Amino acid sequence: MALMPIRRLSVLLIMAVCVGSLLLSSVMHAWYEARGAREALGFELSSLATLLGNRSTAAIAFDDSRTAEENLAALREIRHVAQACLYGSEGALFARFERQPEQRCAAQLPAAEAAQSGLSIEDAWVRVRQPIHLDEQKVAVLAMASSLEAVHQRLWRQLQLQAGVVLLAALLALAVSLRMQRLISQPLLALGQVARNIVQSRDYRLRAPELMGPLELGQLAQSFNRLMATIEQQNQELEAGRQAAQGRLERLRASQRALSGLAKSEAVARADLPALVQALSLAAGDLFPGCRVRVGLPESPQAGAPTVAAGLAHAQQQGERSLAVAHVVRDERLSTAQAEALRAAGVMAFLWAAAGASPAGQLVHVCLERGEAERHWSADDIAVLCEMADLLALVERDSQRRGIEASLRDSEAYNKLLFRESCMPQGLLDPQSLRLLDGNRAAAEAFGLPWPVAGTDEGAADSAPGLAWSQLDLGALLPAQQADGSDSLDRLSEAMVEALAGGRHVLEMQLLRRGESAWEAEVHLDRWQSGQRSLLQFSLIDVSARVQAQRALEQLNAELETRVARRTQALLEANHQLSETLDTLQKTKDELVRNERLASLGALVAGVAHELNTPIGNSLVVASTLQEHSAHLSADVAAGTLRRSSMQGYLDLANSSFALLMRSLQRAAELVARFKQMAEDTHWGRRCRFDLAEALMQWTQTLQPQFTATPHRLLTELEPGIEMDSWPEMLEQVLSQLISNTLIHAHRPERPGTTRLQLQRLDGQRVRLSVSDDGCGIDARSLPRIFDPFFTTRLGSGGNGLGLHRVFSLVNGALGGRIMCSSEPGQGSVFVLELPCVAPQADSLHGSGGERPA
């Protein structure tokens, strides 16, 4: 990918910043101007509509359309007003003003549009509908429309002007950036050229010229020169280190070759210690020129030499396998006597290394002495000397091992150690005759035989091995049948055939112990070739305890299976009894629910009768009064004594009585309608899927105006992302009733209160809604009855006692949940709703009612 020159980049950056800033400013200014112009035009049009509506009130009252059109004709001087239409109360066109013929007013204003009022701003028009009132009664509607063409022309001229300003500013920025980029790019290009020269020539002595440019470029050149000086110094140090490492590598290779030669020498192969000591001394002399070599073996520790004595003493005290001394007088690890002895012997520096980590194994050592000058012993020198000591100790141990093995092979104790005294029963078996040829003490004890076998003493048995065992037949040591019913000799014969084929064979079988019962053994058979004969070597492991434990475990498993079967049968019987008990409880529950519904129905009927008694009683009183006065009026008419004052009094009484009668009957009709709606709720609304938090936020916004007019607050805590498949209209009725109740019953005007609506997810299928307040609370006597129909604490003040009963019916019915209330006087109340995310189907709830909580 081609690199962009720094000159072009600097120019592009300056141009991008300048032009981008100007464009952003122009766009924001144009947007603000357009918005302000549209709002100003809308405000002006609203003011004109208000003014013309006030002036047209008299013309409308006297049905003078000519005067109204003259008032509207005043809009001709306002160029942006295109249309003004005045409609009567019935929506018919009363007066109009039209600037263009194609902008005609509609002859009839639709009822939906007549009910709307206010300002609306569209893409090319601003429209306003202004209702006109006379004595607080709407008598007409004034509809005006204004064109936004003038606003758009003004904005277009401003955009052209701003485009010219941006272009001029861009040209000016280009000229300035072309001038400024030279001050920045030239010093950087010069610095880059110096860097390329250094890379090509690898001459780190090159430096950038000082004071290359303005601003901070001079400091950049100085920092670059200091960096090159540091790199030059590090390069020199690395070269010195490389040469030192090369020398160390050569020394390590020489040491490796010397050690490899010693390890492959004939002395190591034969474990010849004197020859190895001589070769090791020669190799150490070559690797450490000018040093005297001392090699110490267990037979000749040379404890009298000062360096060896100091090393051995230090190793016994500190446990270190090496001791490097550059100057014996300043070394604090040596005692005063050791330092004096070394100084008297003329030793200025020495290196001592021993093999092994314990003081008992540190008799094999190698020591280097230097008495002419001081010498610093490096870690590589110490490692080489330790490897020499380890090699010497390894060969010394190998020499001892070979001597021990030779002595063991020549001694009969070797056979006794490995065979006779072994704790594992072992022996030899002739597969042809099935006779035991030999065995150890453990085998005799395993078969219950006395030791020595067949009455011979141990010495005789050792002098004539196999003599006593050859008289024993293997068939006498086996039971006739094994535990599984198989023949013992057949099973053993099959195992011997497999073992003689060349592989080790392991089997478990029962063996006999004389004077005791059979015991379980794990038999290992291996072929052993003795001359021309093929014998079998056997080893026995007593596994009686494991077999007995296994059999006991199998028996226990069988007993456990029997117990599980019995427990399963008992659980089945218990489950049957529980099912019968549950059926009985369900029947009892249904009976209790039926009784409770009957009791609730009686209370409902009593409440309806109580509520209807007042309006019906008032209606009866009014009707009886009218009947009595009508009789008196009829008598006066019949007698010819009817007076104008009597007739007027009767008419006044009739009018007031009719008004009272209508209010009472309307109250009774409302109670009957509510009772009918509560009895059979058929208005389910529309079921849909919706986001519960968003729906609750919208519902609470519609309830906020009720709280705005009071000192109380409505707060929400809603968990987002909960999707419901339910009846949103019913849920809105429930929450509206609960929240409105807090303003009516809980909060007092003299004390500001708070109502909280909280939403949280219980699990994947249920949610919890709670409406809480910090108001006066509910007393303990009224709390169990708040969901009863017609129960209210505001009887005679507008309360009918059906609100919470309606809430309870909706929650426990269509919404498929349950509602609970907890309250304490003076501490507020909490209504908790637990609802399913998917409401039950309507057909499954038809005719069912919820159970009221206790």
# chains A, B, ... in the order shown; residues from 1 in each chain; ligands from 1
>>> residues_around(residues="Ser281 of chain A", least_positions_apart="3", cutoff="10 Å", atoms="only C-alpha atoms", output="ChimeraX atom specification")
/A:276-278,284-287,292-295,366,368,388
>>> write_last_selection(atoms="all heavy atoms", output="tab-separated table (two decimals), in the first residue's frame")
chain	number	residue	atom	x	y	z
A	276	LEU	N	41.04	-43.44	36.50
A	276	LEU	CA	40.13	-42.31	36.37
A	276	LEU	C	40.67	-41.09	37.09
A	276	LEU	O	40.57	-39.97	36.60
A	276	LEU	CB	38.74	-42.68	36.90
A	276	LEU	CG	37.68	-41.58	36.83
A	276	LEU	CD1	37.45	-41.15	35.38
A	276	LEU	CD2	36.37	-42.03	37.47
A	277	VAL	N	41.27	-41.28	38.27
A	277	VAL	CA	41.84	-40.14	39.01
A	277	VAL	C	42.97	-39.49	38.21
A	277	VAL	O	43.07	-38.26	38.12
A	277	VAL	CB	42.33	-40.60	40.39
A	277	VAL	CG1	43.16	-39.52	41.07
A	277	VAL	CG2	41.14	-40.98	41.28
A	278	GLN	N	43.82	-40.32	37.59
A	278	GLN	CA	44.91	-39.77	36.79
A	278	GLN	C	44.38	-39.00	35.58
A	278	GLN	O	44.83	-37.90	35.27
A	278	GLN	CB	45.83	-40.91	36.34
A	278	GLN	CG	47.05	-40.45	35.57
A	278	GLN	CD	47.96	-41.60	35.18
A	278	GLN	OE1	47.65	-42.76	35.47
A	278	GLN	NE2	49.08	-41.28	34.53
A	284	ALA	N	41.62	-31.67	34.38
A	284	ALA	CA	41.45	-30.46	35.18
A	284	ALA	C	42.63	-29.52	34.99
A	284	ALA	O	42.48	-28.30	34.98
A	284	ALA	CB	41.27	-30.83	36.64
A	285	GLY	N	43.82	-30.07	34.85
A	285	GLY	CA	44.98	-29.22	34.61
A	285	GLY	C	44.88	-28.48	33.28
A	285	GLY	O	45.32	-27.34	33.16
A	286	ASP	N	44.32	-29.15	32.24
A	286	ASP	CA	44.15	-28.48	30.95
A	286	ASP	C	43.07	-27.41	31.00
A	286	ASP	O	43.19	-26.34	30.38
A	286	ASP	CB	43.81	-29.50	29.87
A	286	ASP	CG	44.97	-30.48	29.63
A	286	ASP	OD1	46.12	-30.10	29.96
A	286	ASP	OD2	44.70	-31.60	29.16
A	287	LEU	N	41.98	-27.69	31.73
A	287	LEU	CA	40.89	-26.72	31.79
A	287	LEU	C	41.20	-25.54	32.70
A	287	LEU	O	40.73	-24.42	32.45
A	287	LEU	CB	39.60	-27.41	32.28
A	287	LEU	CG	38.99	-28.46	31.35
A	287	LEU	CD1	37.81	-29.13	32.02
A	287	LEU	CD2	38.58	-27.84	30.03
A	292	ARG	N	46.68	-26.22	40.91
A	292	ARG	CA	47.09	-27.54	41.40
A	292	ARG	C	45.83	-28.32	41.71
A	292	ARG	O	44.91	-27.82	42.37
A	292	ARG	CB	47.96	-27.40	42.64
A	292	ARG	CG	48.50	-28.73	43.14
A	292	ARG	CD	49.56	-28.53	44.20
A	292	ARG	NE	49.09	-27.65	45.26
A	292	ARG	CZ	49.83	-27.27	46.28
A	292	ARG	NH1	51.10	-27.65	46.34
A	292	ARG	NH2	49.34	-26.46	47.21
A	293	VAL	N	45.79	-29.58	41.25
A	293	VAL	CA	44.60	-30.41	41.38
A	293	VAL	C	44.81	-31.41	42.48
A	293	VAL	O	45.84	-32.09	42.53
A	293	VAL	CB	44.27	-31.12	40.05
A	293	VAL	CG1	42.98	-31.93	40.18
A	293	VAL	CG2	44.14	-30.12	38.92
A	294	ARG	N	43.79	-31.55	43.37
A	294	ARG	CA	43.81	-32.58	44.42
A	294	ARG	C	42.50	-33.37	44.29
A	294	ARG	O	41.43	-32.79	44.28
A	294	ARG	CB	43.89	-31.95	45.81
A	294	ARG	CG	45.19	-31.21	46.09
A	294	ARG	CD	45.14	-30.61	47.50
A	294	ARG	NE	46.33	-29.84	47.80
A	294	ARG	CZ	47.41	-30.39	48.36
A	294	ARG	NH1	47.41	-31.67	48.67
A	294	ARG	NH2	48.46	-29.63	48.63
A	295	VAL	N	42.61	-34.69	44.17
A	295	VAL	CA	41.47	-35.58	44.07
A	295	VAL	C	41.42	-36.45	45.29
A	295	VAL	O	42.41	-37.13	45.61
A	295	VAL	CB	41.52	-36.43	42.79
A	295	VAL	CG1	40.31	-37.36	42.72
A	295	VAL	CG2	41.58	-35.54	41.55
A	366	VAL	N	37.03	-33.01	44.58
A	366	VAL	CA	38.05	-32.48	43.69
A	366	VAL	C	38.34	-31.06	44.15
A	366	VAL	O	37.40	-30.29	44.40
A	366	VAL	CB	37.59	-32.49	42.22
A	366	VAL	CG1	38.68	-31.94	41.31
A	366	VAL	CG2	37.23	-33.90	41.79
A	368	LEU	N	40.90	-27.47	43.54
A	368	LEU	CA	41.86	-26.70	42.75
A	368	LEU	C	42.44	-25.61	43.62
A	368	LEU	O	41.71	-24.90	44.32
A	368	LEU	CB	41.16	-26.06	41.53
A	368	LEU	CG	40.44	-27.01	40.55
A	368	LEU	CD1	39.78	-26.23	39.44
A	368	LEU	CD2	41.44	-27.99	39.96
A	388	MET	N	32.78	-33.22	37.59
A	388	MET	CA	33.93	-34.11	37.78
A	388	MET	C	33.80	-34.90	39.06
A	388	MET	O	34.06	-36.12	39.09
A	388	MET	CB	35.22	-33.30	37.77
A	388	MET	CG	35.61	-32.73	36.43
A	388	MET	SD	37.19	-31.87	36.51
A	388	MET	CE	37.44	-31.46	34.78
>>> residues_around(residues="Cys18 of chain A", least_positions_apart="4", cutoff="8 Å", atoms="only C-alpha atoms", output="VMD selection string")
chain A and resid 14 22 169 to 170 173
>>> atom_distance(atom1="atom CA of Leu93 of chain A", atom2="atom CA of Ala106 of chain A")
7.3 Å
>>> residues_around(residues="Gly803 of chain A", least_positions_apart="3", cutoff="7 Å", atoms="only C-alpha atoms", output="count of residues only")
3
>>> atom_distance(atom1="atom CA of Leu342 of chain A", atom2="atom CA of Thr307 of chain A")
6.6 Å
>>> residues_around(residues="segment 494-507 of chain A", least_positions_apart="6", cutoff="8 Å", atoms="only C-alpha atoms", output="list in words")
Pro431, Glu522, Val523, His524, Leu525, Asp526, Arg527, Ser534 and Leu536 of chain A
>>> write_last_selection(atoms="N, CA, C and O atoms", output="PDB file, in the first residue's frame")
ATOM      1  N   PRO A 431       4.950 -79.784  35.284  1.00  0.00           N
ATOM      2  CA  PRO A 431       3.627 -79.866  34.662  1.00  0.00           C
ATOM      3  C   PRO A 431       3.289 -81.276  34.168  1.00  0.00           C
ATOM      4  O   PRO A 431       2.106 -81.565  33.931  1.00  0.00           O
ATOM      5  N   GLU A 522      -4.569 -66.308  44.670  1.00  0.00           N
ATOM      6  CA  GLU A 522      -4.296 -65.794  43.333  1.00  0.00           C
ATOM      7  C   GLU A 522      -2.996 -66.428  42.870  1.00  0.00           C
ATOM      8  O   GLU A 522      -1.937 -66.178  43.437  1.00  0.00           O
ATOM      9  N   VAL A 523      -3.050 -67.277  41.850  1.00  0.00           N
ATOM     10  CA  VAL A 523      -1.910 -68.091  41.416  1.00  0.00           C
ATOM     11  C   VAL A 523      -1.281 -67.436  40.184  1.00  0.00           C
ATOM     12  O   VAL A 523      -1.983 -67.160  39.194  1.00  0.00           O
ATOM     13  N   HIS A 524       0.036 -67.185  40.257  1.00  0.00           N
ATOM     14  CA  HIS A 524       0.806 -66.650  39.131  1.00  0.00           C
ATOM     15  C   HIS A 524       1.706 -67.775  38.599  1.00  0.00           C
ATOM     16  O   HIS A 524       2.517 -68.328  39.363  1.00  0.00           O
ATOM     17  N   LEU A 525       1.596 -68.118  37.330  1.00  0.00           N
ATOM     18  CA  LEU A 525       2.377 -69.183  36.699  1.00  0.00           C
ATOM     19  C   LEU A 525       3.290 -68.587  35.644  1.00  0.00           C
ATOM     20  O   LEU A 525       2.838 -67.832  34.772  1.00  0.00           O
ATOM     21  N   ASP A 526       4.614 -68.922  35.714  1.00  0.00           N
ATOM     22  CA  ASP A 526       5.609 -68.491  34.726  1.00  0.00           C
ATOM     23  C   ASP A 526       6.437 -69.705  34.291  1.00  0.00           C
ATOM     24  O   ASP A 526       6.806 -70.549  35.121  1.00  0.00           O
ATOM     25  N   ARG A 527       6.726 -69.751  33.026  1.00  0.00           N
ATOM     26  CA  ARG A 527       7.574 -70.846  32.524  1.00  0.00           C
ATOM     27  C   ARG A 527       9.026 -70.575  32.862  1.00  0.00           C
ATOM     28  O   ARG A 527       9.519 -69.452  32.713  1.00  0.00           O
ATOM     29  N   SER A 534      10.936 -78.115  30.779  1.00  0.00           N
ATOM     30  CA  SER A 534      10.143 -76.893  30.937  1.00  0.00           C
ATOM     31  C   SER A 534       9.354 -77.019  32.225  1.00  0.00           C
ATOM     32  O   SER A 534       8.469 -77.890  32.350  1.00  0.00           O
ATOM     33  N   LEU A 536       7.380 -74.971  35.688  1.00  0.00           N
ATOM     34  CA  LEU A 536       6.539 -73.815  35.987  1.00  0.00           C
ATOM     35  C   LEU A 536       6.886 -73.267  37.361  1.00  0.00           C
ATOM     36  O   LEU A 536       6.958 -74.027  38.340  1.00  0.00           O
TER      37      LEU A 536
END
>>> residues_around(residues="segment 67-83 of chain A", least_positions_apart="4", cutoff="7 Å", atoms="only C-alpha atoms", output="list in words")
Leu52, Ser56, Ala59, Ala95, Arg96, Phe97, Glu98, Arg99, Gln103, Met144, Ala145, Ser146 and Ser147 of chain A
>>> write_last_selection(atoms="N, CA and C atoms", output="short mmCIF file (atom, residue, chain, number, x, y, z; two decimals), in the first residue's frame")
data_model
loop_
_atom_site.label_atom_id
_atom_site.label_comp_id
_atom_site.auth_asym_id
_atom_site.auth_seq_id
_atom_site.Cartn_x
_atom_site.Cartn_y
_atom_site.Cartn_z
N LEU A 52 -59.22 36.98 15.03
CA LEU A 52 -60.36 36.92 14.12
C LEU A 52 -61.55 36.21 14.77
N SER A 56 -65.23 37.81 15.25
CA SER A 56 -66.35 37.19 14.54
C SER A 56 -67.43 36.68 15.48
N ALA A 59 -70.76 38.50 14.79
CA ALA A 59 -71.34 38.13 13.50
C ALA A 59 -71.97 36.74 13.56
N ALA A 95 -68.35 31.52 6.65
CA ALA A 95 -67.63 32.59 5.94
C ALA A 95 -66.28 32.05 5.55
N ARG A 96 -65.64 32.70 4.52
CA ARG A 96 -64.37 32.17 4.04
C ARG A 96 -63.53 33.28 3.43
N PHE A 97 -62.23 33.01 3.36
CA PHE A 97 -61.26 33.85 2.67
C PHE A 97 -60.34 32.91 1.89
N GLU A 98 -60.23 33.12 0.56
CA GLU A 98 -59.42 32.25 -0.29
C GLU A 98 -58.53 33.12 -1.16
N ARG A 99 -57.21 32.95 -1.04
CA ARG A 99 -56.27 33.75 -1.81
C ARG A 99 -56.18 33.25 -3.25
N GLN A 103 -57.53 27.02 -3.77
CA GLN A 103 -57.47 26.82 -2.31
C GLN A 103 -58.85 27.09 -1.73
N MET A 144 -57.59 28.00 9.64
CA MET A 144 -56.71 28.83 8.84
C MET A 144 -55.52 27.99 8.37
N ALA A 145 -55.00 28.35 7.17
CA ALA A 145 -53.84 27.67 6.61
C ALA A 145 -52.88 28.71 6.06
N SER A 146 -51.61 28.53 6.31
CA SER A 146 -50.56 29.46 5.86
C SER A 146 -49.49 28.67 5.14
N SER A 147 -48.96 29.22 4.02
CA SER A 147 -47.93 28.55 3.23
C SER A 147 -46.55 28.80 3.82
#
>>> closest_residue(among="A:Ser335, A:Ser255, A:Leu172, A:Phe224", to="Val194 of chain A", atoms="only C-alpha atoms")
A:Phe224
>>> select_by_dssp(residues="segment 5-100 of chain A", states="strand (DSSP E or B)", output="ChimeraX atom specification")
/A:81-88,92-98
>>> atom_distance(atom1="atom CA of Glu387 of chain A", atom2="atom CA of Gln243 of chain A")
26.0 Å
>>> closest_residue(among="A:Gln246, A:Ser544, A:Gln760, A:Gln193", to="Leu692 of chain A", atoms="only C-alpha atoms")
A:Gln760
>>> residues_around(residues="Cys386 of chain A", least_positions_apart="6", cutoff="9 Å", atoms="only C-alpha atoms", output="PyMOL selection string")
chain A and resi 321-322+352-355+365-366
>>> write_last_selection(atoms="N, CA and C atoms", output="PDB file, in the first residue's frame")
ATOM      1  N   ARG A 321      27.889 -28.379  48.844  1.00  0.00           N
ATOM      2  CA  ARG A 321      28.759 -29.319  48.141  1.00  0.00           C
ATOM      3  C   ARG A 321      29.902 -28.621  47.446  1.00  0.00           C
ATOM      4  N   SER A 322      29.951 -27.270  47.401  1.00  0.00           N
ATOM      5  CA  SER A 322      31.064 -26.551  46.772  1.00  0.00           C
ATOM      6  C   SER A 322      31.402 -25.339  47.612  1.00  0.00           C
ATOM      7  N   TRP A 352      36.730 -25.875  45.801  1.00  0.00           N
ATOM      8  CA  TRP A 352      36.563 -27.241  46.326  1.00  0.00           C
ATOM      9  C   TRP A 352      35.145 -27.697  46.027  1.00  0.00           C
ATOM     10  N   ALA A 353      34.986 -28.947  45.531  1.00  0.00           N
ATOM     11  CA  ALA A 353      33.663 -29.503  45.212  1.00  0.00           C
ATOM     12  C   ALA A 353      33.624 -30.949  45.649  1.00  0.00           C
ATOM     13  N   ALA A 354      32.477 -31.365  46.239  1.00  0.00           N
ATOM     14  CA  ALA A 354      32.284 -32.739  46.709  1.00  0.00           C
ATOM     15  C   ALA A 354      31.054 -33.323  46.035  1.00  0.00           C
ATOM     16  N   ALA A 355      30.997 -34.658  45.949  1.00  0.00           N
ATOM     17  CA  ALA A 355      29.866 -35.367  45.365  1.00  0.00           C
ATOM     18  C   ALA A 355      28.882 -35.750  46.447  1.00  0.00           C
ATOM     19  N   HIS A 365      35.987 -35.933  46.440  1.00  0.00           N
ATOM     20  CA  HIS A 365      36.012 -34.514  46.147  1.00  0.00           C
ATOM     21  C   HIS A 365      37.140 -34.199  45.178  1.00  0.00           C
ATOM     22  N   VAL A 366      37.026 -33.009  44.580  1.00  0.00           N
ATOM     23  CA  VAL A 366      38.055 -32.478  43.688  1.00  0.00           C
ATOM     24  C   VAL A 366      38.341 -31.057  44.147  1.00  0.00           C
TER      25      VAL A 366
END
>>> closest_residue(among="A:Glu520, A:Glu149, A:Asp438, A:Glu405", to="Leu478 of chain A", atoms="only C-alpha atoms")
A:Glu520
>>> closest_residue(among="A:Leu731, A:Leu512, A:Ala393, A:Ala631", to="Leu696 of chain A", atoms="only C-alpha atoms")
A:Leu731
